[in-house]
>>> print(open('entry06.cif').read())   # mmCIF, C-alpha atoms
data_upload
#
loop_
_atom_site.label_atom_id
_atom_site.label_comp_id
_atom_site.auth_asym_id
_atom_site.auth_seq_id
_atom_site.Cartn_x
_atom_site.Cartn_y
_atom_site.Cartn_z
CA MET A 1 -11.43 -29.07 291.85
CA LYS A 2 -13.04 -32.49 291.62
CA THR A 3 -14.52 -33.24 288.22
CA ALA A 4 -16.45 -35.98 286.46
CA VAL A 5 -16.79 -36.95 282.81
CA LEU A 6 -19.75 -38.98 281.59
CA VAL A 7 -19.02 -41.91 279.30
CA PHE A 8 -21.64 -43.28 276.92
CA PRO A 9 -21.21 -46.10 274.44
CA GLY A 10 -19.75 -44.21 271.48
CA SER A 11 -18.24 -41.29 273.42
CA ASN A 12 -14.79 -40.51 272.05
CA CYS A 13 -13.78 -37.07 273.36
CA ASP A 14 -14.07 -38.34 276.94
CA ARG A 15 -10.33 -39.02 276.81
CA ASP A 16 -9.52 -35.54 275.43
CA ILE A 17 -11.42 -33.84 278.22
CA ALA A 18 -9.98 -36.19 280.85
CA VAL A 19 -6.43 -35.31 279.78
CA ALA A 20 -7.27 -31.60 279.84
CA LEU A 21 -8.91 -31.76 283.26
CA GLU A 22 -6.08 -33.75 284.79
CA LEU A 23 -3.53 -31.30 283.42
CA LEU A 24 -5.42 -28.27 284.72
CA THR A 25 -6.68 -29.54 288.06
CA GLY A 26 -3.89 -31.96 288.90
CA THR A 27 -6.41 -34.72 289.48
CA ALA A 28 -7.87 -37.17 287.00
CA PRO A 29 -11.65 -36.79 286.64
CA ALA A 30 -14.02 -39.54 287.72
CA MET A 31 -15.19 -41.31 284.55
CA VAL A 32 -18.89 -42.03 285.09
CA TRP A 33 -20.52 -44.73 282.98
CA HIS A 34 -23.94 -43.92 281.54
CA ALA A 35 -25.68 -46.65 283.53
CA GLU A 36 -24.77 -45.09 286.89
CA THR A 37 -27.65 -43.54 288.76
CA SER A 38 -25.65 -41.04 290.82
CA LEU A 39 -22.64 -38.75 290.54
CA PRO A 40 -19.64 -38.72 292.89
CA ASP A 41 -19.87 -36.31 295.85
CA GLY A 42 -18.13 -32.96 296.02
CA LEU A 43 -17.89 -32.25 292.29
CA GLY A 44 -17.06 -28.81 290.93
CA LEU A 45 -17.84 -29.73 287.31
CA VAL A 46 -19.51 -32.43 285.23
CA VAL A 47 -18.63 -32.70 281.56
CA VAL A 48 -20.77 -34.36 278.92
CA PRO A 49 -18.15 -35.14 276.28
CA GLY A 50 -18.17 -35.27 272.51
CA GLY A 51 -18.49 -38.36 270.39
CA PHE A 52 -21.26 -40.35 268.82
CA SER A 53 -23.20 -41.64 271.81
CA TYR A 54 -25.30 -44.67 270.86
CA GLY A 55 -24.15 -44.20 267.30
CA ASP A 56 -26.26 -41.03 267.11
CA TYR A 57 -29.25 -43.34 266.51
CA LEU A 58 -32.65 -41.66 266.29
CA ARG A 59 -31.16 -38.17 266.73
CA SER A 60 -27.73 -37.03 267.93
CA GLY A 61 -27.71 -37.25 271.71
CA ALA A 62 -31.30 -38.48 271.94
CA ILE A 63 -30.68 -41.87 273.52
CA ALA A 64 -27.86 -40.64 275.77
CA ALA A 65 -30.14 -37.90 277.10
CA ARG A 66 -32.51 -40.61 278.43
CA SER A 67 -29.79 -42.71 280.08
CA PRO A 68 -29.85 -43.25 283.88
CA VAL A 69 -26.88 -40.98 284.64
CA MET A 70 -28.55 -38.03 282.93
CA ARG A 71 -31.32 -38.03 285.54
CA ALA A 72 -28.60 -37.44 288.14
CA VAL A 73 -27.07 -34.71 285.97
CA VAL A 74 -30.40 -32.91 285.53
CA GLU A 75 -30.96 -33.02 289.26
CA ALA A 76 -27.42 -31.77 290.04
CA ALA A 77 -27.72 -28.99 287.46
CA GLY A 78 -30.92 -27.91 289.19
CA ARG A 79 -28.94 -27.58 292.42
CA GLY A 80 -26.41 -25.35 290.63
CA LEU A 81 -23.60 -27.78 289.78
CA PRO A 82 -21.67 -26.51 286.73
CA VAL A 83 -22.33 -28.76 283.71
CA LEU A 84 -20.41 -28.41 280.45
CA GLY A 85 -21.54 -30.20 277.28
CA VAL A 86 -19.16 -30.16 274.32
CA CYS A 87 -20.18 -31.18 270.80
CA ASN A 88 -22.22 -34.38 271.26
CA GLY A 89 -22.48 -33.26 274.88
CA PHE A 90 -24.27 -30.08 273.74
CA GLN A 91 -26.66 -32.23 271.72
CA VAL A 92 -27.27 -34.40 274.80
CA LEU A 93 -27.99 -31.33 276.97
CA THR A 94 -30.58 -29.98 274.51
CA GLU A 95 -32.20 -33.41 274.17
CA ALA A 96 -32.30 -33.67 277.97
CA GLY A 97 -34.07 -30.32 278.19
CA LEU A 98 -31.27 -28.63 280.16
CA LEU A 99 -30.76 -26.19 277.29
CA PRO A 100 -33.33 -24.91 274.77
CA GLY A 101 -33.34 -25.58 271.03
CA ALA A 102 -31.93 -28.42 268.96
CA LEU A 103 -28.86 -29.21 266.87
CA MET A 104 -29.61 -30.24 263.33
CA ARG A 105 -27.61 -31.48 260.35
CA ASN A 106 -25.07 -28.90 259.15
CA ALA A 107 -26.57 -26.68 256.47
CA GLY A 108 -23.83 -27.73 254.03
CA LEU A 109 -24.49 -31.41 254.86
CA SER A 110 -20.77 -32.01 255.30
CA PHE A 111 -18.92 -32.96 258.46
CA VAL A 112 -16.98 -29.83 259.44
CA CYS A 113 -13.59 -30.37 261.07
CA ARG A 114 -11.38 -27.29 261.41
CA ASP A 115 -10.40 -24.40 263.65
CA VAL A 116 -13.02 -21.65 263.80
CA PRO A 117 -12.92 -18.16 265.26
CA LEU A 118 -15.59 -17.47 267.86
CA THR A 119 -16.80 -14.25 269.43
CA VAL A 120 -17.36 -14.30 273.17
CA GLY A 121 -20.92 -13.17 273.86
CA ASN A 122 -20.99 -13.52 277.64
CA ALA A 123 -18.07 -12.94 279.99
CA GLU A 124 -19.96 -13.23 283.26
CA SER A 125 -20.81 -16.90 283.65
CA VAL A 126 -18.77 -19.33 285.74
CA PHE A 127 -17.36 -20.68 282.47
CA THR A 128 -16.68 -17.46 280.59
CA ARG A 129 -15.64 -15.05 283.37
CA LEU A 130 -11.97 -14.96 282.33
CA TYR A 131 -12.83 -14.00 278.75
CA THR A 132 -13.74 -10.53 277.55
CA LYS A 133 -17.05 -9.85 275.86
CA GLY A 134 -16.47 -9.33 272.14
CA GLU A 135 -13.10 -11.07 272.23
CA THR A 136 -12.28 -13.54 269.44
CA VAL A 137 -11.02 -16.98 270.45
CA THR A 138 -10.22 -19.97 268.25
CA PHE A 139 -11.42 -23.47 269.02
CA PRO A 140 -11.62 -26.50 266.75
CA VAL A 141 -14.98 -27.90 265.67
CA ALA A 142 -15.60 -31.46 264.48
CA HIS A 143 -19.27 -32.17 263.91
CA HIS A 144 -21.98 -33.16 261.47
CA ASP A 145 -24.96 -31.91 263.48
CA GLY A 146 -24.04 -28.49 264.80
CA ASN A 147 -26.68 -26.39 263.12
CA TYR A 148 -28.38 -24.74 266.10
CA PHE A 149 -32.10 -24.19 265.78
CA ALA A 150 -34.62 -22.59 268.11
CA ASP A 151 -37.78 -20.60 267.48
CA ALA A 152 -37.54 -16.82 267.25
CA ASP A 153 -38.95 -16.24 270.76
CA THR A 154 -36.39 -18.57 272.30
CA LEU A 155 -33.57 -16.92 270.35
CA ASP A 156 -34.71 -13.45 271.40
CA ARG A 157 -34.84 -14.57 275.01
CA LEU A 158 -31.37 -16.13 274.83
CA GLU A 159 -29.95 -12.95 273.36
CA SER A 160 -31.69 -10.48 275.65
CA ASN A 161 -30.62 -12.46 278.73
CA GLY A 162 -27.00 -12.66 277.62
CA ARG A 163 -27.14 -16.43 277.33
CA VAL A 164 -25.28 -16.72 274.03
CA ALA A 165 -21.81 -17.61 275.30
CA PHE A 166 -20.09 -18.01 271.92
CA ARG A 167 -20.95 -17.14 268.32
CA TYR A 168 -19.22 -18.24 265.14
CA ALA A 169 -17.29 -15.31 263.70
CA GLU A 170 -17.62 -16.85 260.21
CA PRO A 171 -20.15 -19.23 258.60
CA VAL A 172 -19.64 -22.80 259.83
CA ASN A 173 -22.80 -24.88 259.89
CA GLY A 174 -25.86 -22.71 259.30
CA SER A 175 -26.63 -22.12 263.00
CA THR A 176 -29.34 -19.55 263.54
CA ARG A 177 -27.82 -16.24 264.63
CA ASP A 178 -24.37 -17.90 264.43
CA ILE A 179 -24.87 -19.54 267.81
CA ALA A 180 -22.00 -21.82 268.83
CA GLY A 181 -22.67 -22.11 272.55
CA ILE A 182 -25.41 -21.19 275.02
CA LEU A 183 -25.98 -21.01 278.76
CA ASN A 184 -29.05 -21.94 280.76
CA ASP A 185 -30.97 -19.26 282.68
CA ALA A 186 -29.00 -19.83 285.87
CA GLY A 187 -25.69 -19.72 283.98
CA ASN A 188 -24.37 -23.02 285.37
CA VAL A 189 -25.02 -25.14 282.26
CA LEU A 190 -23.01 -24.44 279.10
CA GLY A 191 -23.43 -26.31 275.83
CA MET A 192 -21.13 -25.62 272.89
CA MET A 193 -20.20 -27.32 269.63
CA PRO A 194 -16.52 -26.18 269.54
CA HIS A 195 -13.96 -28.05 271.64
CA PRO A 196 -12.23 -25.93 274.32
CA GLU A 197 -10.51 -29.08 275.66
CA ARG A 198 -8.53 -29.22 272.43
CA ARG A 199 -6.96 -25.79 273.02
CA ILE A 200 -5.22 -26.33 276.35
CA GLU A 201 -1.54 -26.82 275.55
CA ALA A 202 0.69 -24.83 273.19
CA ALA A 203 1.16 -28.01 271.18
CA HIS A 204 -2.58 -27.90 270.38
CA GLY A 205 -1.94 -24.73 268.39
CA GLY A 206 -3.24 -22.41 271.07
CA THR A 207 -4.45 -22.23 274.66
CA ASP A 208 -7.72 -20.31 274.34
CA GLY A 209 -9.58 -23.16 276.04
CA ARG A 210 -7.72 -22.96 279.34
CA ARG A 211 -9.58 -19.96 280.71
CA LEU A 212 -12.92 -21.74 280.43
CA PHE A 213 -11.77 -24.22 283.05
CA GLU A 214 -9.49 -21.90 285.02
CA GLY A 215 -12.29 -19.41 285.63
CA LEU A 216 -14.37 -22.16 287.17
CA MET A 217 -11.42 -23.50 289.18
CA GLU A 218 -10.85 -20.07 290.71
CA LEU A 219 -14.43 -20.01 291.93
CA VAL A 220 -14.65 -23.58 293.12
CA GLY A 221 -11.15 -23.60 294.61
CA ALA A 222 -8.40 -26.07 293.89
CA MET B 1 -50.85 -54.56 267.53
CA LYS B 2 -48.84 -52.68 264.95
CA LEU B 3 -48.52 -48.92 264.86
CA LYS B 4 -46.74 -46.52 262.62
CA VAL B 5 -45.29 -43.29 263.95
CA TYR B 6 -44.44 -40.67 261.35
CA VAL B 7 -41.94 -38.08 262.53
CA THR B 8 -41.63 -35.03 260.31
CA LEU B 9 -39.86 -31.70 260.56
CA LYS B 10 -42.07 -28.82 261.57
CA PRO B 11 -42.93 -26.35 258.84
CA GLY B 12 -40.34 -23.59 258.72
CA VAL B 13 -37.51 -25.77 260.01
CA LEU B 14 -34.81 -25.88 257.36
CA ASP B 15 -34.23 -29.40 256.01
CA PRO B 16 -30.73 -29.57 254.47
CA GLN B 17 -31.22 -33.25 253.54
CA GLY B 18 -34.48 -32.52 251.77
CA ARG B 19 -32.80 -29.69 249.93
CA ALA B 20 -29.94 -31.95 248.79
CA ILE B 21 -32.39 -34.61 247.58
CA HIS B 22 -34.39 -31.94 245.77
CA HIS B 23 -31.22 -30.83 244.07
CA ALA B 24 -30.27 -34.42 243.14
CA LEU B 25 -33.71 -35.07 241.64
CA GLY B 26 -33.21 -31.99 239.52
CA SER B 27 -29.82 -33.28 238.35
CA LEU B 28 -31.46 -36.56 237.32
CA GLY B 29 -33.78 -34.57 235.11
CA PHE B 30 -36.93 -34.80 237.23
CA GLY B 31 -38.55 -31.45 236.77
CA GLY B 32 -41.52 -30.04 238.60
CA VAL B 33 -40.48 -31.06 242.12
CA GLU B 34 -41.33 -28.07 244.25
CA ASP B 35 -40.06 -29.19 247.64
CA VAL B 36 -38.64 -32.23 249.44
CA ARG B 37 -38.88 -32.82 253.18
CA VAL B 38 -37.32 -35.86 254.83
CA GLY B 39 -39.01 -37.55 257.79
CA ARG B 40 -38.83 -40.83 259.62
CA LEU B 41 -41.21 -43.78 259.87
CA ILE B 42 -41.03 -45.80 263.08
CA GLU B 43 -42.95 -49.10 263.20
CA LEU B 44 -43.97 -50.21 266.67
CA THR B 45 -45.40 -53.54 267.74
CA VAL B 46 -47.16 -53.02 271.07
CA ALA B 47 -49.41 -55.08 273.33
CA ASP B 48 -53.03 -55.18 272.17
CA GLY B 49 -55.03 -52.52 273.92
CA THR B 50 -52.11 -50.13 274.44
CA ASP B 51 -53.84 -46.79 274.57
CA ASP B 52 -53.02 -43.83 272.39
CA ALA B 53 -51.98 -41.74 275.39
CA ALA B 54 -49.13 -44.16 276.12
CA VAL B 55 -47.93 -44.06 272.53
CA GLU B 56 -48.19 -40.30 272.48
CA ALA B 57 -46.05 -40.17 275.63
CA MET B 58 -43.43 -42.33 273.86
CA CYS B 59 -43.42 -39.86 270.98
CA ARG B 60 -43.11 -36.81 273.21
CA GLN B 61 -40.42 -38.27 275.44
CA LEU B 62 -38.22 -39.96 272.87
CA LEU B 63 -39.39 -40.72 269.35
CA ALA B 64 -39.78 -37.10 268.29
CA ASN B 65 -37.96 -33.96 269.38
CA THR B 66 -40.92 -31.60 269.57
CA VAL B 67 -38.64 -28.58 269.36
CA ILE B 68 -38.17 -29.33 265.66
CA GLU B 69 -40.47 -32.25 264.81
CA ASN B 70 -44.13 -33.16 264.62
CA PHE B 71 -45.41 -36.72 264.94
CA ARG B 72 -48.46 -38.62 263.76
CA ILE B 73 -49.58 -42.03 265.02
CA GLU B 74 -51.29 -44.37 262.57
CA HIS B 75 -52.92 -47.67 263.43
CA ALA B 76 -51.92 -50.27 260.85
#
>>> encode(input="entry06.cif", output="structure tokens")
Amino acid sequence: MKTAVLVFPGSNCDRDIAVALELLTGTAPAMVWHAETSLPDGLGLVVVPGGFSYGDYLRSGAIAARSPVMRAVVEAAGRGLPVLGVCNGFQVLTEAGLLPGALMRNAGLSFVCRDVPLTVGNAESVFTRLYTKGETVTFPVAHHDGNYFADADTLDRLESNGRVAFRYAEPVNGSTRDIAGILNDAGNVLGMMPHPERRIEAAHGGTDGRRLFEGLMELVGA
Amino acid sequence: MKLKVYVTLKPGVLDPQGRAIHHALGSLGFGGVEDVRVGRLIELTVADGTDDAAVEAMCRQLLANTVIENFRIEHA
């Protein structure tokens, strides 16, 4: 599977995801600089990585969401290309309008950096198909602005359409309805605060993150 | 031409920073503070004659996240 990772000034988990993707797919991802206006051909996945794009100026992810490459991502997502946003990448996807809601300062005001248990809320999407609904997985989080907010109508719609991919199984950041990750309507865009790319090898302390990528690879083909 | 854009959290959106400041004011002995909400002031210098619709578009597309924030444009 051919993959691409966006790189903004201030991205820092681009290297983590690149290592994970190369290990799993056997091919290093294309690293796409934010100023590019198009994506490589034949991709099976685009990842918007974690970090502090543009220093998180204005709002987390706000400037990155308006960068040239994001226009190409929005267009590709509309055509059905799988797009994964992790941490700052989730913030970028909400700011770009690919996912509803917003990520605000953690309710406790502190940066939270630890492993957290998550409950799988959707096991049907291209990203979550190898998980079981209701299963608990453990991924690390490392964020200051992970407090998911959306109005009640949006939350109800997300829940009734099975678009909540992951929920925190314990209090982490004040997110409404414990939301840790959500899918778009079509199911090809996933944004999540926890880091699946940091649970790939046994040396990471667990391999719960592998299935997120392997499920997609099975569909797209090697 | 100078403009001020005030970006504030919508009512009902929890403001953890405002809450922390509220708490700190209380610790300093300032009583009677009922609520604190933190917003942002953005000062713009734009070409004379820039119409309000253009500034409003700037607010909607970038300066404010209208999912959680309101904005108000003030001519200096």
>>> atom_distance(input="entry06.cif", atom1="CA of Phe8 in chain A", atom2="CA of Val92 in chain A")
10.7 Å
>>> interface_residues(input="entry06.cif", of="chain A", to="chain B", cutoff="10 Å", atoms="all atoms listed in the file", output="list in words")
Leu58, Arg59, Ala62, Ile63, Ala65, Arg66, Thr94, Glu95, Ala96, Pro100, Gly101, Ala102, Leu103, Met104, Arg105, Asn106, Ala107, Gly108, Leu109, Asn147, Phe149, Ala150, Asp151 and Gly174 of chain A
>>> residues_around(input="entry06.cif", residues="range 19-31 of chain A", least_positions_apart="5", cutoff="9 Å", atoms="only C-alpha atoms", output="mmCIF file with C-alpha atoms, in the frame of the given file")
data_model
loop_
_atom_site.group_PDB
_atom_site.id
_atom_site.type_symbol
_atom_site.label_atom_id
_atom_site.label_comp_id
_atom_site.auth_asym_id
_atom_site.auth_seq_id
_atom_site.Cartn_x
_atom_site.Cartn_y
_atom_site.Cartn_z
ATOM 1 C CA MET A 1 -11.430 -29.070 291.850
ATOM 2 C CA LYS A 2 -13.040 -32.490 291.620
ATOM 3 C CA THR A 3 -14.520 -33.240 288.220
ATOM 4 C CA ALA A 4 -16.450 -35.980 286.460
ATOM 5 C CA VAL A 5 -16.790 -36.950 282.810
ATOM 6 C CA LEU A 6 -19.750 -38.980 281.590
ATOM 7 C CA VAL A 7 -19.020 -41.910 279.300
ATOM 8 C CA ASP A 14 -14.070 -38.340 276.940
ATOM 9 C CA PRO A 40 -19.640 -38.720 292.890
ATOM 10 C CA GLU A 197 -10.510 -29.080 275.660
ATOM 11 C CA ARG A 198 -8.530 -29.220 272.430
ATOM 12 C CA ARG A 199 -6.960 -25.790 273.020
ATOM 13 C CA ILE A 200 -5.220 -26.330 276.350
ATOM 14 C CA GLU A 201 -1.540 -26.820 275.550
ATOM 15 C CA ARG A 210 -7.720 -22.960 279.340
ATOM 16 C CA PHE A 213 -11.770 -24.220 283.050
ATOM 17 C CA GLU A 214 -9.490 -21.900 285.020
ATOM 18 C CA MET A 217 -11.420 -23.500 289.180
ATOM 19 C CA ALA A 222 -8.400 -26.070 293.890
#
>>> atom_distance(input="entry06.cif", atom1="CA of Ser60 in chain A", atom2="CA of Leu93 in chain A")
10.7 Å
>>> residues_around(input="entry06.cif", residues="range 72-74 of chain B", least_positions_apart="6", cutoff="8 Å", atoms="all atoms listed in the file", output="PyMOL selection string")
chain B and resi 3-7+55-56
>>> resolve_selection(input="entry06.cif", expression="the PyMOL selection byres ((chain A and resi 52) around 10)", output="PDB file with C-alpha atoms, keeping the file's coordinate frame")
ATOM      1  CA  PHE A   8     -21.640 -43.280 276.920  1.00  0.00           C
ATOM      2  CA  PRO A   9     -21.210 -46.100 274.440  1.00  0.00           C
ATOM      3  CA  GLY A  10     -19.750 -44.210 271.480  1.00  0.00           C
ATOM      4  CA  SER A  11     -18.240 -41.290 273.420  1.00  0.00           C
ATOM      5  CA  ASN A  12     -14.790 -40.510 272.050  1.00  0.00           C
ATOM      6  CA  CYS A  13     -13.780 -37.070 273.360  1.00  0.00           C
ATOM      7  CA  PRO A  49     -18.150 -35.140 276.280  1.00  0.00           C
ATOM      8  CA  GLY A  50     -18.170 -35.270 272.510  1.00  0.00           C
ATOM      9  CA  GLY A  51     -18.490 -38.360 270.390  1.00  0.00           C
ATOM     10  CA  SER A  53     -23.200 -41.640 271.810  1.00  0.00           C
ATOM     11  CA  TYR A  54     -25.300 -44.670 270.860  1.00  0.00           C
ATOM     12  CA  GLY A  55     -24.150 -44.200 267.300  1.00  0.00           C
ATOM     13  CA  ASP A  56     -26.260 -41.030 267.110  1.00  0.00           C
ATOM     14  CA  TYR A  57     -29.250 -43.340 266.510  1.00  0.00           C
ATOM     15  CA  SER A  60     -27.730 -37.030 267.930  1.00  0.00           C
ATOM     16  CA  GLY A  61     -27.710 -37.250 271.710  1.00  0.00           C
ATOM     17  CA  ALA A  64     -27.860 -40.640 275.770  1.00  0.00           C
ATOM     18  CA  CYS A  87     -20.180 -31.180 270.800  1.00  0.00           C
ATOM     19  CA  ASN A  88     -22.220 -34.380 271.260  1.00  0.00           C
ATOM     20  CA  GLY A  89     -22.480 -33.260 274.880  1.00  0.00           C
ATOM     21  CA  HIS A 143     -19.270 -32.170 263.910  1.00  0.00           C
TER      22      HIS A 143
END
>>> atom_distance(input="entry06.cif", atom1="CA of Gly39 in chain B", atom2="CA of Asp145 in chain A")
16.2 Å
>>> resolve_selection(input="entry06.cif", expression="the PyMOL selection byres ((chain B and resi 9) around 6)", output="ChimeraX atom specification")
/B:8,10,68-69
>>> resolve_selection(input="entry06.cif", expression="the PyMOL selection byres ((chain A and resi 115) around 10)", output="PDB file with C-alpha atoms, keeping the file's coordinate frame")
ATOM      1  CA  VAL A 112     -16.980 -29.830 259.440  1.00  0.00           C
ATOM      2  CA  CYS A 113     -13.590 -30.370 261.070  1.00  0.00           C
ATOM      3  CA  ARG A 114     -11.380 -27.290 261.410  1.00  0.00           C
ATOM      4  CA  VAL A 116     -13.020 -21.650 263.800  1.00  0.00           C
ATOM      5  CA  PRO A 117     -12.920 -18.160 265.260  1.00  0.00           C
ATOM      6  CA  LEU A 118     -15.590 -17.470 267.860  1.00  0.00           C
ATOM      7  CA  THR A 138     -10.220 -19.970 268.250  1.00  0.00           C
ATOM      8  CA  PHE A 139     -11.420 -23.470 269.020  1.00  0.00           C
ATOM      9  CA  PRO A 140     -11.620 -26.500 266.750  1.00  0.00           C
ATOM     10  CA  VAL A 141     -14.980 -27.900 265.670  1.00  0.00           C
ATOM     11  CA  ALA A 142     -15.600 -31.460 264.480  1.00  0.00           C
ATOM     12  CA  PRO A 194     -16.520 -26.180 269.540  1.00  0.00           C
ATOM     13  CA  HIS A 195     -13.960 -28.050 271.640  1.00  0.00           C
ATOM     14  CA  GLY A 205      -1.940 -24.730 268.390  1.00  0.00           C
TER      15      GLY A 205
END
>>> residues_around(input="entry06.cif", residues="range 127-134 of chain A", least_positions_apart="6", cutoff="9 Å", atoms="all atoms listed in the file", output="VMD selection string")
chain A and resid 82 84 119 to 121 165 187 to 190 211 to 216
>>> decode(input="entry06.cif", residues="range 53-72 of chain B", atoms="N, CA, C and O atoms", output="PDB file, in the first residue's frame")
ATOM      1  N   ALA B  53     -17.844  42.999   4.575  1.00  0.00           N
ATOM      2  CA  ALA B  53     -18.072  41.620   4.113  1.00  0.00           C
ATOM      3  C   ALA B  53     -16.741  40.881   3.982  1.00  0.00           C
ATOM      4  O   ALA B  53     -16.639  39.697   4.329  1.00  0.00           O
ATOM      5  N   ALA B  54     -15.710  41.595   3.513  1.00  0.00           N
ATOM      6  CA  ALA B  54     -14.394  40.959   3.358  1.00  0.00           C
ATOM      7  C   ALA B  54     -13.820  40.594   4.724  1.00  0.00           C
ATOM      8  O   ALA B  54     -13.246  39.519   4.905  1.00  0.00           O
ATOM      9  N   VAL B  55     -13.983  41.496   5.685  1.00  0.00           N
ATOM     10  CA  VAL B  55     -13.444  41.231   7.023  1.00  0.00           C
ATOM     11  C   VAL B  55     -14.226  40.086   7.678  1.00  0.00           C
ATOM     12  O   VAL B  55     -13.655  39.218   8.341  1.00  0.00           O
ATOM     13  N   GLU B  56     -15.522  40.081   7.434  1.00  0.00           N
ATOM     14  CA  GLU B  56     -16.335  39.006   7.992  1.00  0.00           C
ATOM     15  C   GLU B  56     -15.907  37.654   7.405  1.00  0.00           C
ATOM     16  O   GLU B  56     -15.851  36.642   8.118  1.00  0.00           O
ATOM     17  N   ALA B  57     -15.581  37.664   6.120  1.00  0.00           N
ATOM     18  CA  ALA B  57     -15.109  36.419   5.487  1.00  0.00           C
ATOM     19  C   ALA B  57     -13.798  35.958   6.125  1.00  0.00           C
ATOM     20  O   ALA B  57     -13.592  34.761   6.360  1.00  0.00           O
ATOM     21  N   MET B  58     -12.908  36.916   6.446  1.00  0.00           N
ATOM     22  CA  MET B  58     -11.650  36.561   7.120  1.00  0.00           C
ATOM     23  C   MET B  58     -11.950  35.889   8.458  1.00  0.00           C
ATOM     24  O   MET B  58     -11.308  34.904   8.845  1.00  0.00           O
ATOM     25  N   CYS B  59     -12.918  36.453   9.163  1.00  0.00           N
ATOM     26  CA  CYS B  59     -13.276  35.905  10.483  1.00  0.00           C
ATOM     27  C   CYS B  59     -13.823  34.493  10.346  1.00  0.00           C
ATOM     28  O   CYS B  59     -13.426  33.587  11.079  1.00  0.00           O
ATOM     29  N   ARG B  60     -14.729  34.313   9.390  1.00  0.00           N
ATOM     30  CA  ARG B  60     -15.371  32.999   9.238  1.00  0.00           C
ATOM     31  C   ARG B  60     -14.392  31.938   8.766  1.00  0.00           C
ATOM     32  O   ARG B  60     -14.469  30.784   9.175  1.00  0.00           O
ATOM     33  N   GLN B  61     -13.472  32.353   7.870  1.00  0.00           N
ATOM     34  CA  GLN B  61     -12.575  31.347   7.285  1.00  0.00           C
ATOM     35  C   GLN B  61     -11.355  31.045   8.139  1.00  0.00           C
ATOM     36  O   GLN B  61     -10.771  29.982   8.038  1.00  0.00           O
ATOM     37  N   LEU B  62     -10.942  31.985   8.972  1.00  0.00           N
ATOM     38  CA  LEU B  62      -9.701  31.741   9.716  1.00  0.00           C
ATOM     39  C   LEU B  62      -9.687  32.289  11.148  1.00  0.00           C
ATOM     40  O   LEU B  62      -9.346  31.571  12.078  1.00  0.00           O
ATOM     41  N   LEU B  63     -10.050  33.557  11.313  1.00  0.00           N
ATOM     42  CA  LEU B  63      -9.775  34.191  12.609  1.00  0.00           C
ATOM     43  C   LEU B  63     -10.579  33.583  13.746  1.00  0.00           C
ATOM     44  O   LEU B  63     -10.110  33.515  14.878  1.00  0.00           O
ATOM     45  N   ALA B  64     -11.793  33.131  13.438  1.00  0.00           N
ATOM     46  CA  ALA B  64     -12.602  32.482  14.472  1.00  0.00           C
ATOM     47  C   ALA B  64     -12.972  31.078  14.005  1.00  0.00           C
ATOM     48  O   ALA B  64     -13.109  30.837  12.806  1.00  0.00           O
ATOM     49  N   ASN B  65     -13.106  30.166  14.923  1.00  0.00           N
ATOM     50  CA  ASN B  65     -13.664  28.841  14.624  1.00  0.00           C
ATOM     51  C   ASN B  65     -15.119  28.903  15.067  1.00  0.00           C
ATOM     52  O   ASN B  65     -15.416  28.839  16.258  1.00  0.00           O
ATOM     53  N   THR B  66     -16.024  29.046  14.115  1.00  0.00           N
ATOM     54  CA  THR B  66     -17.419  29.321  14.465  1.00  0.00           C
ATOM     55  C   THR B  66     -18.135  28.127  15.079  1.00  0.00           C
ATOM     56  O   THR B  66     -19.282  28.230  15.471  1.00  0.00           O
ATOM     57  N   VAL B  67     -17.448  26.996  15.159  1.00  0.00           N
ATOM     58  CA  VAL B  67     -18.011  25.862  15.910  1.00  0.00           C
ATOM     59  C   VAL B  67     -18.070  26.221  17.402  1.00  0.00           C
ATOM     60  O   VAL B  67     -19.017  25.881  18.102  1.00  0.00           O
ATOM     61  N   ILE B  68     -17.051  26.939  17.866  1.00  0.00           N
ATOM     62  CA  ILE B  68     -16.949  27.222  19.300  1.00  0.00           C
ATOM     63  C   ILE B  68     -16.864  28.710  19.625  1.00  0.00           C
ATOM     64  O   ILE B  68     -16.985  29.094  20.783  1.00  0.00           O
ATOM     65  N   GLU B  69     -16.658  29.551  18.596  1.00  0.00           N
ATOM     66  CA  GLU B  69     -16.389  30.964  18.887  1.00  0.00           C
ATOM     67  C   GLU B  69     -17.321  31.908  18.128  1.00  0.00           C
ATOM     68  O   GLU B  69     -17.732  31.622  17.000  1.00  0.00           O
ATOM     69  N   ASN B  70     -17.596  33.035  18.751  1.00  0.00           N
ATOM     70  CA  ASN B  70     -18.257  34.159  18.092  1.00  0.00           C
ATOM     71  C   ASN B  70     -17.202  35.217  17.798  1.00  0.00           C
ATOM     72  O   ASN B  70     -16.150  35.247  18.430  1.00  0.00           O
ATOM     73  N   PHE B  71     -17.514  36.113  16.849  1.00  0.00           N
ATOM     74  CA  PHE B  71     -16.592  37.228  16.608  1.00  0.00           C
ATOM     75  C   PHE B  71     -17.369  38.525  16.459  1.00  0.00           C
ATOM     76  O   PHE B  71     -18.559  38.522  16.131  1.00  0.00           O
ATOM     77  N   ARG B  72     -16.670  39.616  16.728  1.00  0.00           N
ATOM     78  CA  ARG B  72     -17.276  40.948  16.613  1.00  0.00           C
ATOM     79  C   ARG B  72     -16.211  41.860  16.014  1.00  0.00           C
ATOM     80  O   ARG B  72     -15.064  41.862  16.445  1.00  0.00           O
TER      81      ARG B  72
END
